[in-house]
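Visitor: Could you have a look at this structure, given as structure tokens, before my questions?
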Amino acid sequence: MKDFREWLREDRMPHIYCTGCGNGTVINCTLNAVNQMGWEPENTVFISGIGCSSRAPGYIITDSLHTTHGRAIPFATGVKLCRPDLHVVVFTGDGDLAAIGGNHFIHACRRNIDLTVVCMNNYIYGMTGGQGSPCTPLGAISTTTPYGCDEAPFDLASLATAAGANYVSRWTSYHVKELTRAVKAGLETPGLSFIEAMVQCPTGYGRRNKLRDARLMVQWMRDHSVLMKKWKQMEAEGRPLPEDKFPVGEFVRRHRPAMGVPEE
Amino acid sequence: MKLIIDETRCKGCNLCTLVCPYKIFQEGTKPNHKGVVVPVLDRPERCTNCRLQKLYGRVLCGVCQMICPDQAITWVDEDPYSPEKVVVEE
Ligand SMILES: Cc1ncc(C[n+]2csc(CCOP(=O)(O)OP(=O)(O)O)c2C)c(N)n1
Ligand code: SF4
Ligand code: SF4
Ligand code: SF4
Ligand SMILES: [Mg+2]
């Protein structure tokens with residue numbers, strides 16, 4: 001196919017996401033990467049759990065599984081192990097992946113199952129009205145942390161790296177070209193590839209945290225992300241790492257033994 | 001090629017106004033029949049992709065289309081030949 005938009009189910013558009021929700025951007029970048037791989041919809045499967053982010057496969061023309069909350073990876077593991085010839089992409093959210101599905105996530109990384117997992121991290125449970133998730137930043141207001149979150153969040157990309165995934169990257173919905181390239185690199189890498197896409201949830205997060213609309217949230221991500229090379233340099237020089245900033249780029253690319261890789 | 005915003009999809013988030021290097025997307029002022037304030041295009045013929053997609057055979061720049069969360073931005077073919085009225089100043 002020539003255009004990534006041909007992977008979209010036109011009959012289901014417009015989608016249900018709120019104005020300015022970053023999930024739509026991540027769908028664009030992922031489909032663009034899949035399209036660049038030259039894959040056919042017949043051989044590609046999208047799998048998700050529950051959440052706003054997890055509704056993504058419903059807008060794509062391929063076969064898909066919209067499963068139960070937190071269980072996208074177990075379903076994807078099943079598909080991949082019986083049909084290694086299929087390309088399996090998982091869409092998930094920070095709640096789906098790191099809260100209820102946390103154990104599945106780390107063990108899939110450990111086993112290095114040949115999946116590409118794209119997590120739309122909006123720091124919150126978007127779908128259910130903005131409750132705090134394991135990724136809610138310190139001090140952030142959510143419906144379950146009305147006085148500011150006082151638990152430290154997970155760093156999903158570092159978690160996947162520590163747990164053994166073969167490829168890990170983090171970008172934001174501002175970095176559309178880089179995010180597309182990262183997803184493509186993930187699709188090309190045998191073993192588990194994890195792409196953390198930081199996204200804005202203007203409805204559940206932004207308006208409670210002094211970021212009134214999507215544009216302000218995207219500007220915030222643009223201004224608070226630091227390229228990995230610079231981040232590592234600051235670390236090496238022993239400079240204090242700014243608490244309100246986060247590194248973006250490639251965390252790891254390696255060749256640990258993997259499962260579910262199709263035989264050549 | 002001609003740049004267009006599909007009004008049936010645009011939700012007026014204005015992310016396109018943030019990313020275009022030429023500032024072709026400008027915040028709109030009037031709500032449409034759905035109550036959405038769709039951005040307006042300022043001289044869209046300046047768009048890199050409008051000018052060069054045919055020549056290179058692929059999308060160039062295209063960041064507005066990629067960031068648009070509602071898949072509302074696209075390019076359509078223009079009439080193969082549309083005569084321009086040229087006013088020659090005396
Ligand atoms: C077993 C189970 N527990 C709880 C819920 C309620 N629930 C639905 S979506 C969701 C959180 C979604 O958060 P996330 O994965 O971050 O997705 P987002 O909506 O933010 O994209 C929860 C707790 C559920 N559907 N099933
Ligand atoms: S609630 Fe948040 S995550 Fe869900 S569609 Fe709206 S903006 Fe997107
Ligand atoms: S393709 Fe680039 S130059 Fe053209 S309108 Fe979009 S952002 Fe602007
Ligand atoms: S990014 Fe898309 S949905 Fe948002 S204002 Fe621009 S055209 Fe409309
Ligand atoms: Mg979430």
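Residue numbering restarts at 1 in every chain; chains get A, B, ... in the order shown in the structure tokens, and ligands count up from 1 in that same order.
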Go through the chains and note each residue within 9 Å of ligand 4, using only C-alpha atoms and all ligand atoms, then give the set as a PDB file with C-alpha atoms, in the first residue's frame.
Guide:
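Generated file (result-v7.pdb):
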```pdb
ATOM      1  CA  THR A  19     -10.283  16.959  20.857  1.00  0.00           C
ATOM      2  CA  GLY A  20      -6.494  16.941  20.739  1.00  0.00           C
TER       3      GLY A  20
ATOM      4  CA  ILE B   4      -7.121  20.405   2.601  1.00  0.00           C
ATOM      5  CA  ILE B   5      -8.642  19.964   6.059  1.00  0.00           C
ATOM      6  CA  ASP B   6     -11.540  17.514   6.140  1.00  0.00           C
ATOM      7  CA  GLU B   7     -14.177  19.407   8.115  1.00  0.00           C
ATOM      8  CA  ARG B   9     -13.116  15.013  10.922  1.00  0.00           C
ATOM      9  CA  CYS B  10     -11.326  18.069  12.330  1.00  0.00           C
ATOM     10  CA  LYS B  11     -12.058  18.662  16.018  1.00  0.00           C
ATOM     11  CA  GLY B  12     -10.229  21.986  16.186  1.00  0.00           C
ATOM     12  CA  CYS B  13      -7.342  21.001  18.459  1.00  0.00           C
ATOM     13  CA  ASN B  14      -4.939  23.368  16.661  1.00  0.00           C
ATOM     14  CA  LEU B  15      -1.973  20.985  16.856  1.00  0.00           C
ATOM     15  CA  CYS B  16      -1.391  21.647  13.154  1.00  0.00           C
ATOM     16  CA  THR B  17      -0.891  25.347  13.929  1.00  0.00           C
ATOM     17  CA  LEU B  18       1.958  24.347  16.242  1.00  0.00           C
ATOM     18  CA  PHE B  25      -2.410  26.672   9.607  1.00  0.00           C
ATOM     19  CA  GLU B  27      -6.230  29.382  14.383  1.00  0.00           C
ATOM     20  CA  GLY B  28      -9.752  29.812  13.018  1.00  0.00           C
ATOM     21  CA  VAL B  36     -15.831  23.170  15.658  1.00  0.00           C
ATOM     22  CA  VAL B  37     -13.461  26.059  14.993  1.00  0.00           C
ATOM     23  CA  VAL B  38     -11.438  24.619  12.124  1.00  0.00           C
ATOM     24  CA  PRO B  39      -8.072  26.284  11.418  1.00  0.00           C
ATOM     25  CA  CYS B  64       0.871  18.302  10.006  1.00  0.00           C
ATOM     26  CA  GLN B  65      -0.732  15.150   8.637  1.00  0.00           C
ATOM     27  CA  MET B  66       1.177  12.959  11.079  1.00  0.00           C
ATOM     28  CA  ILE B  67       0.379  14.972  14.192  1.00  0.00           C
ATOM     29  CA  CYS B  68      -3.282  15.557  13.300  1.00  0.00           C
ATOM     30  CA  PRO B  69      -4.942  13.194  15.796  1.00  0.00           C
ATOM     31  CA  ASP B  70      -8.127  13.123  13.736  1.00  0.00           C
ATOM     32  CA  GLN B  71      -6.678  12.180  10.354  1.00  0.00           C
ATOM     33  CA  ALA B  72      -8.226  15.352   8.920  1.00  0.00           C
ATOM     34  CA  ILE B  73      -5.308  16.678   6.861  1.00  0.00           C
TER      35      ILE B  73
END
```
Visitor: May I have all residues of chain B that DSSP, computed from the backbone, assigns to strand (DSSP E), given as a list in words?
Guide: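 Residues of chain B classed as strand (DSSP E): Lys2, Leu3, Ile4, Ile5, Phe25, Gln26, Val40, Leu41, Ile73, Thr74, Trp75 and Val76 of chain B.
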Visitor: Please give me, as a list in words, the residues lying within 7 Å of ligand 2 when counting only C-alpha atoms and all ligand atoms.
Guide: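 If we count only C-alpha atoms and all ligand atoms, the neighbours of ligand 2 turn out to be Ile16, Tyr17, Cys18, Thr19, Gly20, Cys21, Gly22, Asn23, Cys52, Ser53, Asn122, Gly126, Met127, Gly129, Gln200, Cys201, Pro202, Thr203 and Gly204 of chain A.
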Visitor: Please identify all polymer residues within 8 Å of Pro153 (chain A), counting only C-alpha atoms, omitting same-chain residues fewer than 6 positions from it, and present them as a ChimeraX atom specification.
Guide: /A:134-138
Visitor: With N, CA, C and O atoms retained, export the selected residues as an mmCIF file, in the first residue's frame.
Guide:
```cif
data_model
loop_
_atom_site.group_PDB
_atom_site.id
_atom_site.type_symbol
_atom_site.label_atom_id
_atom_site.label_comp_id
_atom_site.auth_asym_id
_atom_site.auth_seq_id
_atom_site.Cartn_x
_atom_site.Cartn_y
_atom_site.Cartn_z
ATOM 1 N N PRO A 134 0.229 4.082 37.585
ATOM 2 C CA PRO A 134 1.616 3.942 38.069
ATOM 3 C C PRO A 134 2.573 4.907 37.375
ATOM 4 O O PRO A 134 3.751 4.951 37.714
ATOM 5 N N CYS A 135 2.083 5.667 36.400
ATOM 6 C CA CYS A 135 2.944 6.615 35.688
ATOM 7 C C CYS A 135 2.609 8.064 36.004
ATOM 8 O O CYS A 135 3.170 8.972 35.395
ATOM 9 N N THR A 136 1.694 8.301 36.930
ATOM 10 C CA THR A 136 1.358 9.679 37.296
ATOM 11 C C THR A 136 2.571 10.318 37.974
ATOM 12 O O THR A 136 3.100 9.771 38.950
ATOM 13 N N PRO A 137 3.035 11.463 37.473
ATOM 14 C CA PRO A 137 4.247 12.069 38.047
ATOM 15 C C PRO A 137 4.021 12.584 39.468
ATOM 16 O O PRO A 137 2.895 12.909 39.841
ATOM 17 N N LEU A 138 5.092 12.665 40.214
ATOM 18 C CA LEU A 138 5.038 13.214 41.575
ATOM 19 C C LEU A 138 4.424 14.616 41.534
ATOM 20 O O LEU A 138 4.784 15.438 40.687
#
```
Visitor: Could I get the residues of chain A with an atom no further than 7 Å from an atom of ligand 1, each paired with its nearest atom pair and that distance in Å to one decimal, using only C-alpha atoms and all ligand atoms, sorted by chain and residue number, as JSON lines?
Guide:
```
{"residue": "A:Ile50", "atom": "CA", "partner": "ligand 1", "partner_atom_place_in_ligand_line": "9 (S)", "distance": 5.0}
{"residue": "A:Gly51", "atom": "CA", "partner": "ligand 1", "partner_atom_place_in_ligand_line": "19 (O)", "distance": 3.7}
{"residue": "A:Cys52", "atom": "CA", "partner": "ligand 1", "partner_atom_place_in_ligand_line": "19 (O)", "distance": 3.7}
{"residue": "A:Ser53", "atom": "CA", "partner": "ligand 1", "partner_atom_place_in_ligand_line": "21 (O)", "distance": 3.8}
{"residue": "A:Ser54", "atom": "CA", "partner": "ligand 1", "partner_atom_place_in_ligand_line": "21 (O)", "distance": 6.4}
{"residue": "A:Thr68", "atom": "CA", "partner": "ligand 1", "partner_atom_place_in_ligand_line": "26 (N)", "distance": 6.5}
{"residue": "A:His69", "atom": "CA", "partner": "ligand 1", "partner_atom_place_in_ligand_line": "26 (N)", "distance": 4.7}
{"residue": "A:Thr92", "atom": "CA", "partner": "ligand 1", "partner_atom_place_in_ligand_line": "15 (O)", "distance": 6.1}
{"residue": "A:Gly93", "atom": "CA", "partner": "ligand 1", "partner_atom_place_in_ligand_line": "15 (O)", "distance": 3.5}
{"residue": "A:Asp94", "atom": "CA", "partner": "ligand 1", "partner_atom_place_in_ligand_line": "16 (O)", "distance": 4.0}
{"residue": "A:Gly95", "atom": "CA", "partner": "ligand 1", "partner_atom_place_in_ligand_line": "15 (O)", "distance": 3.5}
{"residue": "A:Asp96", "atom": "CA", "partner": "ligand 1", "partner_atom_place_in_ligand_line": "15 (O)", "distance": 3.5}
{"residue": "A:Leu97", "atom": "CA", "partner": "ligand 1", "partner_atom_place_in_ligand_line": "15 (O)", "distance": 6.3}
{"residue": "A:Met120", "atom": "CA", "partner": "ligand 1", "partner_atom_place_in_ligand_line": "21 (O)", "distance": 6.5}
{"residue": "A:Asn121", "atom": "CA", "partner": "ligand 1", "partner_atom_place_in_ligand_line": "16 (O)", "distance": 6.6}
{"residue": "A:Asn122", "atom": "CA", "partner": "ligand 1", "partner_atom_place_in_ligand_line": "20 (O)", "distance": 5.8}
{"residue": "A:Tyr123", "atom": "CA", "partner": "ligand 1", "partner_atom_place_in_ligand_line": "16 (O)", "distance": 6.9}
{"residue": "A:Ile124", "atom": "CA", "partner": "ligand 1", "partner_atom_place_in_ligand_line": "20 (O)", "distance": 5.2}
{"residue": "A:Tyr125", "atom": "CA", "partner": "ligand 1", "partner_atom_place_in_ligand_line": "13 (O)", "distance": 3.6}
{"residue": "A:Gly126", "atom": "CA", "partner": "ligand 1", "partner_atom_place_in_ligand_line": "20 (O)", "distance": 3.5}
{"residue": "A:Met127", "atom": "CA", "partner": "ligand 1", "partner_atom_place_in_ligand_line": "19 (O)", "distance": 3.8}
{"residue": "A:Thr128", "atom": "CA", "partner": "ligand 1", "partner_atom_place_in_ligand_line": "9 (S)", "distance": 5.6}
{"residue": "A:Ser133", "atom": "CA", "partner": "ligand 1", "partner_atom_place_in_ligand_line": "16 (O)", "distance": 6.8}
```
Visitor: Skip Val63 (chain B) itself and residues of its chain fewer than 4 positions away, then list as a ChimeraX atom specification all residues within 8 Å of it, counting only C-alpha atoms.
Guide: /A:176-177 /B:19-20,67
Visitor: I need the contact residues of chain A against chain B, so if you could list those with any atom within 6 Å, counting only C-alpha atoms, and return them as a list in words, that would help.
Guide: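 Per the criterion, chain A yields Pro14, Thr19, Gly20, Gly24, Thr25, Asn28 and Arg215 of chain A.
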Visitor: Could you write out the selected residues, including N, CA and C atoms, as a JSON list (two decimals), in the first residue's frame?
Guide:
```json
[["chain", "number", "residue", "atom", "x", "y", "z"],
["A", 14, "PRO", "N", -15.24, 9.72, 12.18],
["A", 14, "PRO", "CA", -14.20, 10.09, 13.13],
["A", 14, "PRO", "C", -14.23, 9.19, 14.37],
["A", 19, "THR", "N", -11.04, 15.97, 21.62],
["A", 19, "THR", "CA", -10.28, 16.96, 20.86],
["A", 19, "THR", "C", -8.84, 17.01, 21.33],
["A", 20, "GLY", "N", -7.91, 16.80, 20.41],
["A", 20, "GLY", "CA", -6.49, 16.94, 20.74],
["A", 20, "GLY", "C", -5.88, 15.76, 21.47],
["A", 24, "GLY", "N", -4.49, 9.57, 18.66],
["A", 24, "GLY", "CA", -4.65, 9.59, 17.21],
["A", 24, "GLY", "C", -3.31, 9.76, 16.50],
["A", 25, "THR", "N", -2.43, 10.56, 17.08],
["A", 25, "THR", "CA", -1.11, 10.78, 16.49],
["A", 25, "THR", "C", -0.28, 9.49, 16.53],
["A", 28, "ASN", "N", -1.33, 7.20, 13.82],
["A", 28, "ASN", "CA", -0.73, 7.62, 12.54],
["A", 28, "ASN", "C", 0.70, 7.11, 12.41],
["A", 215, "ARG", "N", -2.57, 21.77, 22.74],
["A", 215, "ARG", "CA", -1.40, 22.47, 22.21],
["A", 215, "ARG", "C", -0.41, 22.76, 23.34]]
```
Visitor: Could you tell me, as JSON, numbers by chain, which residues of region 13-164 of chain A DSSP assigns to alpha helix (DSSP H) when given the backbone?
Guide: {"A": [23, 24, 25, 26, 27, 28, 29, 30, 31, 32, 33, 34, 35, 36, 72, 73, 74, 75, 76, 77, 78, 79, 80, 81, 82, 94, 102, 103, 104, 105, 106, 107, 108, 109, 110, 111, 156, 157, 158, 159, 160, 161, 162, 163]}
Visitor: Limited to C-alpha atoms, could you put the picked residues into a file as a PDB file, in the first residue's frame?
Guide:
```
ATOM      1  CA  ASN A  23      -3.655   8.688  20.773  1.00  0.00           C
ATOM      2  CA  GLY A  24      -4.651   9.591  17.207  1.00  0.00           C
ATOM      3  CA  THR A  25      -1.111  10.781  16.492  1.00  0.00           C
ATOM      4  CA  VAL A  26       0.380   7.517  17.761  1.00  0.00           C
ATOM      5  CA  ILE A  27      -1.981   5.554  15.507  1.00  0.00           C
ATOM      6  CA  ASN A  28      -0.733   7.621  12.540  1.00  0.00           C
ATOM      7  CA  CYS A  29       2.929   7.010  13.366  1.00  0.00           C
ATOM      8  CA  THR A  30       2.456   3.292  14.011  1.00  0.00           C
ATOM      9  CA  LEU A  31       0.497   2.738  10.803  1.00  0.00           C
ATOM     10  CA  ASN A  32       3.053   4.745   8.865  1.00  0.00           C
ATOM     11  CA  ALA A  33       5.815   2.475  10.194  1.00  0.00           C
ATOM     12  CA  VAL A  34       3.813  -0.693   9.476  1.00  0.00           C
ATOM     13  CA  ASN A  35       3.109   0.576   5.969  1.00  0.00           C
ATOM     14  CA  GLN A  36       6.792   1.302   5.374  1.00  0.00           C
ATOM     15  CA  ALA A  72      -3.154  -7.608  25.636  1.00  0.00           C
ATOM     16  CA  ILE A  73       0.308  -9.139  26.000  1.00  0.00           C
ATOM     17  CA  PRO A  74      -0.909 -12.627  27.060  1.00  0.00           C
ATOM     18  CA  PHE A  75      -3.291 -12.707  24.077  1.00  0.00           C
ATOM     19  CA  ALA A  76      -0.538 -11.442  21.783  1.00  0.00           C
ATOM     20  CA  THR A  77       1.817 -14.114  23.165  1.00  0.00           C
ATOM     21  CA  GLY A  78      -0.732 -16.760  22.280  1.00  0.00           C
ATOM     22  CA  VAL A  79      -1.178 -15.461  18.749  1.00  0.00           C
ATOM     23  CA  LYS A  80       2.555 -15.154  18.195  1.00  0.00           C
ATOM     24  CA  LEU A  81       3.424 -18.594  19.535  1.00  0.00           C
ATOM     25  CA  CYS A  82       0.863 -20.415  17.398  1.00  0.00           C
ATOM     26  CA  ASP A  94       0.082   3.131  30.961  1.00  0.00           C
ATOM     27  CA  GLY A 102       2.471  -5.093  34.946  1.00  0.00           C
ATOM     28  CA  ASN A 103       3.541  -8.681  35.444  1.00  0.00           C
ATOM     29  CA  HIS A 104       2.674  -9.694  31.891  1.00  0.00           C
ATOM     30  CA  PHE A 105       4.765  -6.787  30.662  1.00  0.00           C
ATOM     31  CA  ILE A 106       7.975  -7.614  32.507  1.00  0.00           C
ATOM     32  CA  HIS A 107       7.735 -11.312  31.714  1.00  0.00           C
ATOM     33  CA  ALA A 108       7.126 -10.681  28.024  1.00  0.00           C
ATOM     34  CA  CYS A 109      10.294  -8.556  28.065  1.00  0.00           C
ATOM     35  CA  ARG A 110      12.162 -11.289  29.905  1.00  0.00           C
ATOM     36  CA  ARG A 111      11.013 -13.964  27.469  1.00  0.00           C
ATOM     37  CA  LEU A 156       8.408   2.370  31.539  1.00  0.00           C
ATOM     38  CA  ALA A 157      11.276   2.492  29.052  1.00  0.00           C
ATOM     39  CA  SER A 158      13.856   1.785  31.760  1.00  0.00           C
ATOM     40  CA  LEU A 159      11.646  -0.965  33.147  1.00  0.00           C
ATOM     41  CA  ALA A 160      11.476  -2.695  29.742  1.00  0.00           C
ATOM     42  CA  THR A 161      15.230  -2.297  29.334  1.00  0.00           C
ATOM     43  CA  ALA A 162      15.927  -3.817  32.742  1.00  0.00           C
ATOM     44  CA  ALA A 163      13.500  -6.666  32.096  1.00  0.00           C
TER      45      ALA A 163
END
```
Visitor: When distances are computed from only C-alpha atoms, which of B:Pro21, B:Pro31, B:Glu78, B:Leu3 shows the smallest separation from Pro44 (chain B)?
Guide: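 Closest candidate: B:Leu3.
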Visitor: Extract, using only C-alpha atoms, all DNA, RNA and protein residues at most 12 Å from Asn43 (chain A), discarding same-chain residues fewer than 4 positions from it, and format them as a ChimeraX atom specification.
Guide: /A:34,37-39,61-64,79-80,83-89
Visitor: Looking at B:Asp42, B:Lys23, B:Val76, B:His33, which one is nearest to Lys54 (chain B), with distances taken over only C-alpha atoms?
Guide: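 Ranked by minimum distance to Lys54 (chain B), first place goes to B:Val76.
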Visitor: Name the closest residue to ligand 3 among the candidates B:Val87, B:Leu41, B:Leu52, B:Cys47; distances are taken between atoms, counting only C-alpha atoms and all ligand atoms.
Guide: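 Answer, going by the shortest atom-to-atom distance: B:Cys47.
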Visitor: As an exercise, work out the distance from CA of Phe251 (chain A) to CA of Ser169 (chain A) in Å and give it to one decimal place.
Guide: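 It comes out at 5.3 Å.
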Visitor: So that I can check the surroundings of Phe246 (chain A), please list as JSON, numbers by chain every protein, DNA and RNA residue that reaches within 9 Å of it, counting only C-alpha atoms and ignoring chain neighbours fewer than 3 positions away.
Guide: {"A": [224, 225, 226, 227, 228, 231, 241, 242, 243]}
Visitor: Take CA of Phe194 (chain A) and CA of Ala165 (chain A) and report the distance between them in Å, one decimal.
Guide: 7.1 Å
Visitor: For each of B:Tyr56, B:Asn32, B:Val88, B:Arg46, take the minimum atom-to-atom distance to ligand 3, counting only C-alpha atoms and all ligand atoms, then give the residue where this is smallest.
Guide: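 Closest to ligand 3, using only C-alpha atoms and all ligand atoms: B:Arg46.
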Visitor: Identify which of the residues A:Val218, A:Leu187, A:Ile100, A:Val168 lies closest to ligand 5, counting only C-alpha atoms and all ligand atoms when measuring atom-to-atom distances.
Guide: A:Ile100
